[in-house]
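Asker: I'd like to ask you about the structure that follows.
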Amino acid sequence: CALWFMNTGSKTEVTLSELDHNLKPLSKQVVDFDGFGLFHDQGVTESYRVLFQSSIRFDALPFLVGTQSLIDSLVFDEKLPSQVHVVPRDGSEPFSIAIPEPGYCFHIAGAYESGDELVLDANMFRGRPSMNFYDGPRDLLNRIRVDLKTKSVVSQTIVAEEFGMDFCCVGTKQLGEPYRYIFSSGSGNANNPNNSYLKVDMDAGYVTDAWFAPKNHFVSEALFVERPGRVEEDDGWLLGMVYDGNSKKSYVTVHDAKNLGQGPVAKLNLRHHVPYNIHGCFVPNM
């Protein structure tokens with residue numbers, strides 16, 4: 001279990017801890033980065049932990065005097081480069097690399113090492129996300145390659161403007177390891193609300209399968225659950241929570257991860273609604 005805690009301002013102090021399966025502490029590191037850091041997610045590989053610092057600054061005064069909300073006080077600044085912070089898990093010195101274009105990142109789909117490269121797949125806004133679902137930049141899937149020898153970085157948008165994407169995931173056995181498929185919630189008309197589940201083939205570089213919810217139905221985070229004894233990476237199910245805007249109730253969907261387009265293979269209707277766009281996890285044997 002890899003945890004982090006942060007104390008941010010003009011500089012950001014991050015405490016990185018690791019626990020075993022019994023929640024016994026294994027390690028602890030404290031690292032400092034220049035600038036305002038808002039780290040909502042992280043990438044973890046065999047040798048590194050990776051944090052993404054967005055191109056934002058905190059406009060503190062309006063928030064402190066009560067004229068502006070906290071979220072509205074996070075200002076996207078195109079003059080600030082986004083950065084990747086690479087923290088070796090062995091306790092050696094971390095390093096930071098600026099990404100040429102500004103960006104705003106909440107969620108990281110996965111990360112792994114490939115020779116002298118560190119590969120990171122992240123959802124990135126090219127601007128500050130808007131709380132108005134129909135006004136603002138889309139959340140796009142980007143692959144970031146860090147050259148560990150030259151300390152340089154290359155960023156590439158994998159899925160272009162036809163799909164906004166967020167809440168990406170890979171199979172649990174692919175955490176920190178190379179993977180081919182990324183599953184995601186997506187939107188086809190604006191940055192949000194999400195109304196589909198998508199499957200991205202990273203070898204092909206585009207969305208190869210998708211399920212679109214009915215009109216006025218909105219999806220939350222998708223969870224991949226592997227089939228026991230699976231051989232192929234995508235052999236399993238995709239679990240989803242969907243809010244029905246017509247009945248004002250929610251339902252759980254179970255999709256065959258090899259064929260999202262056929263629709264759910266099972267559906268569990270709830271007697272109430274579940275707050276939209278919550279995070280989740282799957283725990284077997286509960």
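Chain lettering (A, B, ...) mirrors the order of the structure tokens, residue numbering begins at 1 for each chain separately, and ligand numbering begins at 1 in order of display.
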Could you pull out the strand (DSSP E or B) residues of range 54-265 of chain A, going by DSSP on the backbone, and write them as an NGL selection string?
Answerer: :A and (56-58 or 74-76 or 82-88 or 95-99 or 104-114 or 117-125 or 139-147 or 152-157 or 164-169 or 176 or 181-187 or 196-201 or 206-212 or 217-219 or 223-226 or 236-244 or 249-256)
Asker: Within 8 Å of Thr8 in chain A, counting only C-alpha atoms, which residues show up once you throw out same-chain ones fewer than 3 positions away? Write them as JSON, numbers by chain, please.
Answerer: {"A": [11, 12, 13, 36, 37, 38]}
Asker: Using only C-alpha atoms, determine which residues lie at most 12 Å from Pro25 in chain A, disregarding the query and same-chain residues fewer than 3 positions distant; provide the list as an NGL selection string.
Answerer: :A and (1-3 or 16-22 or 28-29)
Asker: Please produce a file of the residues just selected, as a short mmCIF file (atom, residue, chain, number, x, y, z; two decimals), in the first residue's frame, where the atoms kept are C-alpha atoms.
Answerer:
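What landed in selection08.cif:
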data_model
loop_
_atom_site.label_atom_id
_atom_site.label_comp_id
_atom_site.auth_asym_id
_atom_site.auth_seq_id
_atom_site.Cartn_x
_atom_site.Cartn_y
_atom_site.Cartn_z
CA CYS A 1 0.00 0.00 0.00
CA ALA A 2 1.55 3.30 -1.12
CA LEU A 3 0.29 6.43 0.65
CA LEU A 16 5.54 9.08 1.03
CA SER A 17 4.83 5.92 3.05
CA GLU A 18 4.55 2.25 2.16
CA LEU A 19 2.69 -0.41 4.14
CA ASP A 20 2.56 -4.19 3.82
CA HIS A 21 -0.65 -6.23 3.51
CA ASN A 22 -1.07 -6.11 7.28
CA LYS A 28 8.86 6.53 4.77
CA GLN A 29 10.30 9.36 2.69
#
Asker: Report, in Å with one decimal, the straight-line distance from CA of Tyr48 in chain A to CA of Ser185 in chain A.
Answerer: 26.9 Å
Asker: Determine which residues of range 67-217 of chain A DSSP labels as helix (DSSP H, G or I) from the backbone of this structure, then write them out as a list in words.
Answerer: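 Answer for range 67-217 of chain A, restricted to helix (DSSP H, G or I): Ile71, Asp72, Ser73, Thr172, Lys173 and Gln174 of chain A.
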Asker: Deliver the residues from the most recent selection as a file, using N, CA and C atoms, as a PDB file, in the first residue's frame.
Answerer:
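Below is the file out-v7.pdb, written as the result:
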ATOM      1  N   ILE A  71     -12.160  25.579  -4.800  1.00  0.00           N
ATOM      2  CA  ILE A  71     -11.925  25.094  -6.161  1.00  0.00           C
ATOM      3  C   ILE A  71     -11.738  26.248  -7.133  1.00  0.00           C
ATOM      4  N   ASP A  72     -12.457  27.358  -6.914  1.00  0.00           N
ATOM      5  CA  ASP A  72     -12.305  28.522  -7.788  1.00  0.00           C
ATOM      6  C   ASP A  72     -10.997  29.263  -7.532  1.00  0.00           C
ATOM      7  N   SER A  73     -10.348  28.978  -6.427  1.00  0.00           N
ATOM      8  CA  SER A  73      -9.076  29.626  -6.100  1.00  0.00           C
ATOM      9  C   SER A  73      -7.883  28.896  -6.701  1.00  0.00           C
ATOM     10  N   THR A 172      -5.311  -5.350 -12.066  1.00  0.00           N
ATOM     11  CA  THR A 172      -4.506  -5.310 -10.849  1.00  0.00           C
ATOM     12  C   THR A 172      -3.129  -5.955 -11.052  1.00  0.00           C
ATOM     13  N   LYS A 173      -3.039  -6.983 -11.889  1.00  0.00           N
ATOM     14  CA  LYS A 173      -1.750  -7.617 -12.144  1.00  0.00           C
ATOM     15  C   LYS A 173      -0.860  -6.753 -13.022  1.00  0.00           C
ATOM     16  N   GLN A 174      -1.430  -5.720 -13.632  1.00  0.00           N
ATOM     17  CA  GLN A 174      -0.655  -4.817 -14.474  1.00  0.00           C
ATOM     18  C   GLN A 174      -0.184  -3.577 -13.702  1.00  0.00           C
TER      19      GLN A 174
END
Asker: Counting only C-alpha atoms, which residues of range 22-100 of chain A sit at most 7 Å from some atom of range 107-126 of chain A, and what is each one's closest atom pair with its distance in Å to one decimal, listed by chain and rising residue number, as a Markdown table?
Answerer:
| residue | atom | partner | partner_atom | distance |
| --- | --- | --- | --- | --- |
| A:His40 | CA | A:His107 | CA | 6.8 |
| A:Asp41 | CA | A:His107 | CA | 5.5 |
| A:Gln42 | CA | A:Ile108 | CA | 6.3 |
| A:Gly43 | CA | A:Ala111 | CA | 5.3 |
| A:Val44 | CA | A:Ala111 | CA | 6.3 |
| A:Thr45 | CA | A:Tyr112 | CA | 5.2 |
Asker: Those selected residues, please, written with all heavy atoms and delivered as a PDB file, in the first residue's frame.
Answerer:
ATOM      1  N   HIS A  40      -3.366  14.469  -6.578  1.00  0.00           N
ATOM      2  CA  HIS A  40      -4.574  13.696  -6.330  1.00  0.00           C
ATOM      3  C   HIS A  40      -4.353  12.206  -6.570  1.00  0.00           C
ATOM      4  O   HIS A  40      -5.145  11.378  -6.127  1.00  0.00           O
ATOM      5  CB  HIS A  40      -5.697  14.219  -7.230  1.00  0.00           C
ATOM      6  CG  HIS A  40      -7.018  13.548  -7.043  1.00  0.00           C
ATOM      7  ND1 HIS A  40      -7.833  13.796  -5.963  1.00  0.00           N
ATOM      8  CD2 HIS A  40      -7.668  12.623  -7.793  1.00  0.00           C
ATOM      9  CE1 HIS A  40      -8.919  13.071  -6.053  1.00  0.00           C
ATOM     10  NE2 HIS A  40      -8.849  12.332  -7.156  1.00  0.00           N
ATOM     11  N   ASP A  41      -3.288  11.870  -7.284  1.00  0.00           N
ATOM     12  CA  ASP A  41      -3.034  10.484  -7.655  1.00  0.00           C
ATOM     13  C   ASP A  41      -1.526  10.298  -7.801  1.00  0.00           C
ATOM     14  O   ASP A  41      -0.762  11.267  -7.781  1.00  0.00           O
ATOM     15  CB  ASP A  41      -3.750  10.147  -8.969  1.00  0.00           C
ATOM     16  CG  ASP A  41      -4.044   8.664  -9.125  1.00  0.00           C
ATOM     17  OD1 ASP A  41      -3.557   7.861  -8.302  1.00  0.00           O
ATOM     18  OD2 ASP A  41      -4.751   8.294 -10.082  1.00  0.00           O
ATOM     19  N   GLN A  42      -1.097   9.052  -7.967  1.00  0.00           N
ATOM     20  CA  GLN A  42       0.320   8.753  -8.138  1.00  0.00           C
ATOM     21  C   GLN A  42       0.482   7.521  -9.014  1.00  0.00           C
ATOM     22  O   GLN A  42      -0.434   6.719  -9.177  1.00  0.00           O
ATOM     23  CB  GLN A  42       0.986   8.501  -6.783  1.00  0.00           C
ATOM     24  CG  GLN A  42       0.444   7.254  -6.079  1.00  0.00           C
ATOM     25  CD  GLN A  42       1.188   6.884  -4.828  1.00  0.00           C
ATOM     26  OE1 GLN A  42       2.351   7.236  -4.644  1.00  0.00           O
ATOM     27  NE2 GLN A  42       0.525   6.155  -3.939  1.00  0.00           N
ATOM     28  N   GLY A  43       1.663   7.384  -9.599  1.00  0.00           N
ATOM     29  CA  GLY A  43       2.040   6.171 -10.299  1.00  0.00           C
ATOM     30  C   GLY A  43       3.100   5.446  -9.479  1.00  0.00           C
ATOM     31  O   GLY A  43       3.985   6.082  -8.904  1.00  0.00           O
ATOM     32  N   VAL A  44       3.015   4.116  -9.415  1.00  0.00           N
ATOM     33  CA  VAL A  44       3.969   3.327  -8.642  1.00  0.00           C
ATOM     34  C   VAL A  44       4.510   2.212  -9.529  1.00  0.00           C
ATOM     35  O   VAL A  44       3.740   1.442 -10.117  1.00  0.00           O
ATOM     36  CB  VAL A  44       3.320   2.719  -7.379  1.00  0.00           C
ATOM     37  CG1 VAL A  44       4.358   1.932  -6.578  1.00  0.00           C
ATOM     38  CG2 VAL A  44       2.701   3.805  -6.510  1.00  0.00           C
ATOM     39  N   THR A  45       5.836   2.146  -9.655  1.00  0.00           N
ATOM     40  CA  THR A  45       6.482   1.072 -10.395  1.00  0.00           C
ATOM     41  C   THR A  45       7.382   0.294  -9.442  1.00  0.00           C
ATOM     42  O   THR A  45       7.420   0.560  -8.237  1.00  0.00           O
ATOM     43  CB  THR A  45       7.311   1.628 -11.567  1.00  0.00           C
ATOM     44  OG1 THR A  45       8.476   2.302 -11.048  1.00  0.00           O
ATOM     45  CG2 THR A  45       6.491   2.599 -12.399  1.00  0.00           C
TER      46      THR A  45
END
Asker: Show which residues sit within 8 Å of range 198-213 of chain A, as a CSV table (one decimal) with C-alpha atoms, in the first residue's frame. Count only C-alpha atoms, and ignore same-chain residues fewer than 2 positions away.
Answerer:
chain,number,residue,atom,x,y,z
A,158,ILE,CA,-3.2,9.0,-27.2
A,159,VAL,CA,-7.0,9.6,-27.6
A,180,ARG,CA,-1.9,-3.2,-23.3
A,181,TYR,CA,-5.4,-2.1,-22.3
A,182,ILE,CA,-6.7,0.8,-20.3
A,183,PHE,CA,-10.4,1.0,-19.3
A,184,SER,CA,-12.0,4.4,-18.7
A,185,SER,CA,-15.2,6.3,-18.2
A,186,GLY,CA,-15.8,8.7,-21.1
A,195,ASN,CA,-21.8,8.6,-20.3
A,196,SER,CA,-19.8,5.7,-21.5
A,215,LYS,CA,-29.9,9.0,-22.6
A,217,HIS,CA,-27.7,7.9,-17.7
A,218,PHE,CA,-24.3,8.9,-16.3
A,219,VAL,CA,-21.5,6.5,-15.4
A,259,ASN,CA,-16.8,-7.0,-25.5
A,260,LEU,CA,-18.1,-3.8,-23.9
A,261,GLY,CA,-20.1,-3.0,-26.9
A,262,GLN,CA,-22.6,-5.8,-26.4
A,263,GLY,CA,-23.8,-4.1,-23.2
Asker: What's around Leu74 in chain A at 12 Å? Count only C-alpha atoms, leave out sequence neighbours fewer than 5 positions away in its own chain, and write the answer as a compact mmCIF listing (two decimals) with N, CA, C and O atoms, in the first residue's frame.
Answerer:
# COMPACT_ATOMS: atom_id res chain seq x y z
N GLY A 9 2.11 24.95 -0.41
CA GLY A 9 2.08 26.41 -0.38
C GLY A 9 3.01 26.90 -1.47
O GLY A 9 2.93 26.43 -2.61
N PHE A 36 3.35 25.27 -5.89
CA PHE A 36 2.12 24.73 -5.30
C PHE A 36 1.80 23.38 -5.93
O PHE A 36 1.59 23.27 -7.14
N GLY A 37 1.78 22.35 -5.13
CA GLY A 37 1.50 21.00 -5.62
C GLY A 37 0.15 20.51 -5.15
O GLY A 37 -0.19 20.61 -3.97
N LEU A 38 -0.64 20.00 -6.08
CA LEU A 38 -1.92 19.39 -5.74
C LEU A 38 -1.91 17.99 -6.34
O LEU A 38 -2.22 17.79 -7.51
N SER A 54 0.54 19.89 -11.59
CA SER A 54 -0.20 20.60 -12.62
C SER A 54 0.21 22.07 -12.70
O SER A 54 0.85 22.62 -11.80
N SER A 55 -0.20 22.71 -13.80
CA SER A 55 0.12 24.12 -14.04
C SER A 55 -0.90 25.01 -13.32
O SER A 55 -1.68 25.72 -13.95
N ILE A 56 -0.89 24.96 -12.01
CA ILE A 56 -1.86 25.73 -11.23
C ILE A 56 -1.16 26.49 -10.12
O ILE A 56 -0.09 26.10 -9.65
N ARG A 57 -1.77 27.57 -9.72
CA ARG A 57 -1.35 28.32 -8.55
C ARG A 57 -2.58 28.57 -7.68
O ARG A 57 -3.72 28.52 -8.15
N PHE A 58 -2.34 28.84 -6.41
CA PHE A 58 -3.43 29.03 -5.46
C PHE A 58 -3.63 30.52 -5.21
O PHE A 58 -2.73 31.20 -4.71
N ASP A 59 -4.79 31.02 -5.59
CA ASP A 59 -5.15 32.43 -5.36
C ASP A 59 -5.76 32.53 -3.97
O ASP A 59 -6.97 32.44 -3.79
N ALA A 60 -4.90 32.72 -2.96
CA ALA A 60 -5.30 32.52 -1.57
C ALA A 60 -6.21 33.62 -1.02
O ALA A 60 -7.13 33.33 -0.25
N LEU A 61 -5.95 34.89 -1.38
CA LEU A 61 -6.65 35.98 -0.71
C LEU A 61 -8.18 35.91 -0.85
O LEU A 61 -8.89 36.01 0.16
N PRO A 62 -8.75 35.76 -2.07
CA PRO A 62 -10.21 35.68 -2.16
C PRO A 62 -10.79 34.52 -1.35
O PRO A 62 -11.89 34.63 -0.80
N PHE A 63 -10.04 33.41 -1.27
CA PHE A 63 -10.51 32.28 -0.48
C PHE A 63 -10.50 32.60 1.01
O PHE A 63 -11.45 32.30 1.73
N GLN A 68 -14.46 33.64 -2.51
CA GLN A 68 -14.23 32.66 -3.57
C GLN A 68 -14.07 31.28 -2.95
O GLN A 68 -13.46 31.13 -1.89
N SER A 69 -14.61 30.27 -3.61
CA SER A 69 -14.51 28.91 -3.09
C SER A 69 -13.09 28.38 -3.27
O SER A 69 -12.28 28.94 -4.02
N TYR A 104 -3.23 19.95 -16.58
CA TYR A 104 -3.91 19.80 -15.29
C TYR A 104 -4.29 18.33 -15.17
O TYR A 104 -5.07 17.82 -15.98
N GLY A 127 -6.03 22.91 -19.62
CA GLY A 127 -6.68 24.06 -19.02
C GLY A 127 -7.31 23.62 -17.72
O GLY A 127 -7.29 22.44 -17.35
N ARG A 128 -7.87 24.55 -16.98
CA ARG A 128 -8.50 24.23 -15.70
C ARG A 128 -9.86 23.60 -15.94
O ARG A 128 -10.69 24.14 -16.66
N PRO A 129 -10.12 22.43 -15.35
CA PRO A 129 -11.44 21.82 -15.51
C PRO A 129 -12.54 22.69 -14.93
O PRO A 129 -12.34 23.40 -13.94
N SER A 130 -13.70 22.66 -15.56
CA SER A 130 -14.81 23.48 -15.13
C SER A 130 -15.82 22.67 -14.35
O SER A 130 -16.06 21.50 -14.65
Asker: With only C-alpha atoms as the basis for distance, which of A:Val170, A:Phe52, A:Arg89, A:Gly103 is at the shortest distance from Phe76 in chain A?
Answerer: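 Among the listed residues, the smallest separation from Phe76 in chain A belongs to A:Gly103.
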Asker: In terms of the shortest atom-to-atom distance over only C-alpha atoms, which of A:Pro102, A:Gly236, A:Pro88, A:Pro214 is closest to Asp256 in chain A?
Answerer: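 Once distances to Asp256 in chain A are computed over only C-alpha atoms, the minimum belongs to A:Gly236.
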Asker: To one decimal place in Å, what is the distance between CA of Ser247 in chain A and CA of Ile278 in chain A?
Answerer: 19.1 Å
Asker: List the spatial neighbours of range 273-277 of chain A as number ranges by chain - criterion: any atom at most 9 Å away, only C-alpha atoms, same-chain residues fewer than 3 positions off excluded.
Answerer: A: 167, 193-194, 218-221, 241-244, 248-251, 270
Asker: Write the selection just made, keeping N, CA and C atoms, as a compact mmCIF listing (two decimals), in the first residue's frame?
Answerer:
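Written file, again_33.txt:
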# COMPACT_ATOMS: atom_id res chain seq x y z
N PHE A 167 -11.03 8.66 -14.89
CA PHE A 167 -11.16 7.46 -14.06
C PHE A 167 -10.65 6.22 -14.79
N PRO A 193 -20.73 15.41 -18.17
CA PRO A 193 -20.63 14.20 -17.36
C PRO A 193 -20.36 12.97 -18.22
N ASN A 194 -19.71 12.01 -17.63
CA ASN A 194 -19.35 10.79 -18.37
C ASN A 194 -20.59 9.95 -18.63
N PHE A 218 -25.66 8.36 -16.47
CA PHE A 218 -24.30 8.86 -16.34
C PHE A 218 -23.47 7.89 -15.51
N VAL A 219 -22.28 7.58 -16.01
CA VAL A 219 -21.45 6.54 -15.40
C VAL A 219 -20.43 7.13 -14.44
N SER A 220 -20.08 6.35 -13.44
CA SER A 220 -19.00 6.70 -12.52
C SER A 220 -17.78 5.87 -12.87
N GLU A 221 -16.84 5.79 -11.95
CA GLU A 221 -15.58 5.10 -12.20
C GLU A 221 -15.81 3.62 -12.51
N MET A 241 -20.88 1.82 -11.94
CA MET A 241 -22.02 2.39 -11.22
C MET A 241 -22.62 3.46 -12.12
N VAL A 242 -23.91 3.35 -12.40
CA VAL A 242 -24.57 4.26 -13.34
C VAL A 242 -25.73 4.95 -12.64
N TYR A 243 -25.82 6.25 -12.84
CA TYR A 243 -26.95 7.02 -12.29
C TYR A 243 -27.98 7.26 -13.39
N ASP A 244 -29.22 6.88 -13.11
CA ASP A 244 -30.33 7.08 -14.04
C ASP A 244 -30.99 8.41 -13.71
N LYS A 248 -33.96 8.82 -11.06
CA LYS A 248 -33.21 9.33 -9.91
C LYS A 248 -32.70 8.20 -9.02
N LYS A 249 -32.38 7.07 -9.64
CA LYS A 249 -31.80 5.93 -8.93
C LYS A 249 -30.56 5.46 -9.67
N SER A 250 -29.79 4.60 -9.01
CA SER A 250 -28.56 4.10 -9.61
C SER A 250 -28.64 2.59 -9.81
N TYR A 251 -27.75 2.08 -10.64
CA TYR A 251 -27.65 0.63 -10.83
C TYR A 251 -26.21 0.26 -11.13
N LEU A 270 -30.59 -0.62 -7.93
CA LEU A 270 -30.64 -0.20 -6.54
C LEU A 270 -31.94 0.55 -6.27
Asker: Go ahead and compute the interatomic distance for CA of Pro264 in chain A and CA of Leu140 in chain A, in Å to one decimal.
Answerer: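 Interatomic distance, CA of Pro264 in chain A to CA of Leu140 in chain A: 25.1 Å.
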Asker: Just the residues within 9 Å of Ile97 in chain A, please, counting only C-alpha atoms, with nothing from its chain fewer than 2 positions along; format it as a PDB file with N, CA and C atoms, in the first residue's frame.
Answerer:
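File around.pdb, as written:
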ATOM      1  N   SER A  82       3.836  22.168 -16.398  1.00  0.00           N
ATOM      2  CA  SER A  82       3.498  20.995 -15.601  1.00  0.00           C
ATOM      3  C   SER A  82       4.787  20.186 -15.418  1.00  0.00           C
ATOM      4  N   GLN A  83       4.838  19.406 -14.359  1.00  0.00           N
ATOM      5  CA  GLN A  83       6.074  18.689 -14.039  1.00  0.00           C
ATOM      6  C   GLN A  83       5.782  17.254 -13.618  1.00  0.00           C
ATOM      7  N   VAL A  84       6.730  16.390 -13.909  1.00  0.00           N
ATOM      8  CA  VAL A  84       6.716  15.022 -13.405  1.00  0.00           C
ATOM      9  C   VAL A  84       7.795  14.913 -12.342  1.00  0.00           C
ATOM     10  N   HIS A  85       7.400  14.499 -11.144  1.00  0.00           N
ATOM     11  CA  HIS A  85       8.352  14.288 -10.045  1.00  0.00           C
ATOM     12  C   HIS A  85       8.582  12.783  -9.900  1.00  0.00           C
ATOM     13  N   VAL A  86       9.829  12.365 -10.031  1.00  0.00           N
ATOM     14  CA  VAL A  86      10.200  10.953  -9.959  1.00  0.00           C
ATOM     15  C   VAL A  86      10.940  10.713  -8.651  1.00  0.00           C
ATOM     16  N   PHE A  95      14.026  13.503  -8.613  1.00  0.00           N
ATOM     17  CA  PHE A  95      14.273  14.537  -9.608  1.00  0.00           C
ATOM     18  C   PHE A  95      12.962  14.921 -10.276  1.00  0.00           C
ATOM     19  N   ILE A  99       7.305  19.386 -18.295  1.00  0.00           N
ATOM     20  CA  ILE A  99       6.673  18.965 -19.547  1.00  0.00           C
ATOM     21  C   ILE A  99       6.450  20.221 -20.394  1.00  0.00           C
ATOM     22  N   VAL A 146       9.459   9.163 -19.746  1.00  0.00           N
ATOM     23  CA  VAL A 146      10.579   9.808 -19.064  1.00  0.00           C
ATOM     24  C   VAL A 146      11.839   9.002 -19.354  1.00  0.00           C
ATOM     25  N   LYS A 151      17.139  12.398 -18.331  1.00  0.00           N
ATOM     26  CA  LYS A 151      16.189  13.211 -17.543  1.00  0.00           C
ATOM     27  C   LYS A 151      15.360  14.123 -18.462  1.00  0.00           C
ATOM     28  N   SER A 152      14.918  13.552 -19.577  1.00  0.00           N
ATOM     29  CA  SER A 152      14.078  14.281 -20.523  1.00  0.00           C
ATOM     30  C   SER A 152      12.723  13.600 -20.605  1.00  0.00           C
ATOM     31  N   VAL A 153      11.745  14.288 -21.209  1.00  0.00           N
ATOM     32  CA  VAL A 153      10.396  13.761 -21.236  1.00  0.00           C
ATOM     33  C   VAL A 153       9.730  14.056 -22.580  1.00  0.00           C
TER      34      VAL A 153
END
Asker: So, counting only C-alpha atoms, which residue among A:Cys169, A:Val87, A:Leu268, A:Val14 is closest to Ala222 in chain A?
Answerer: A:Cys169
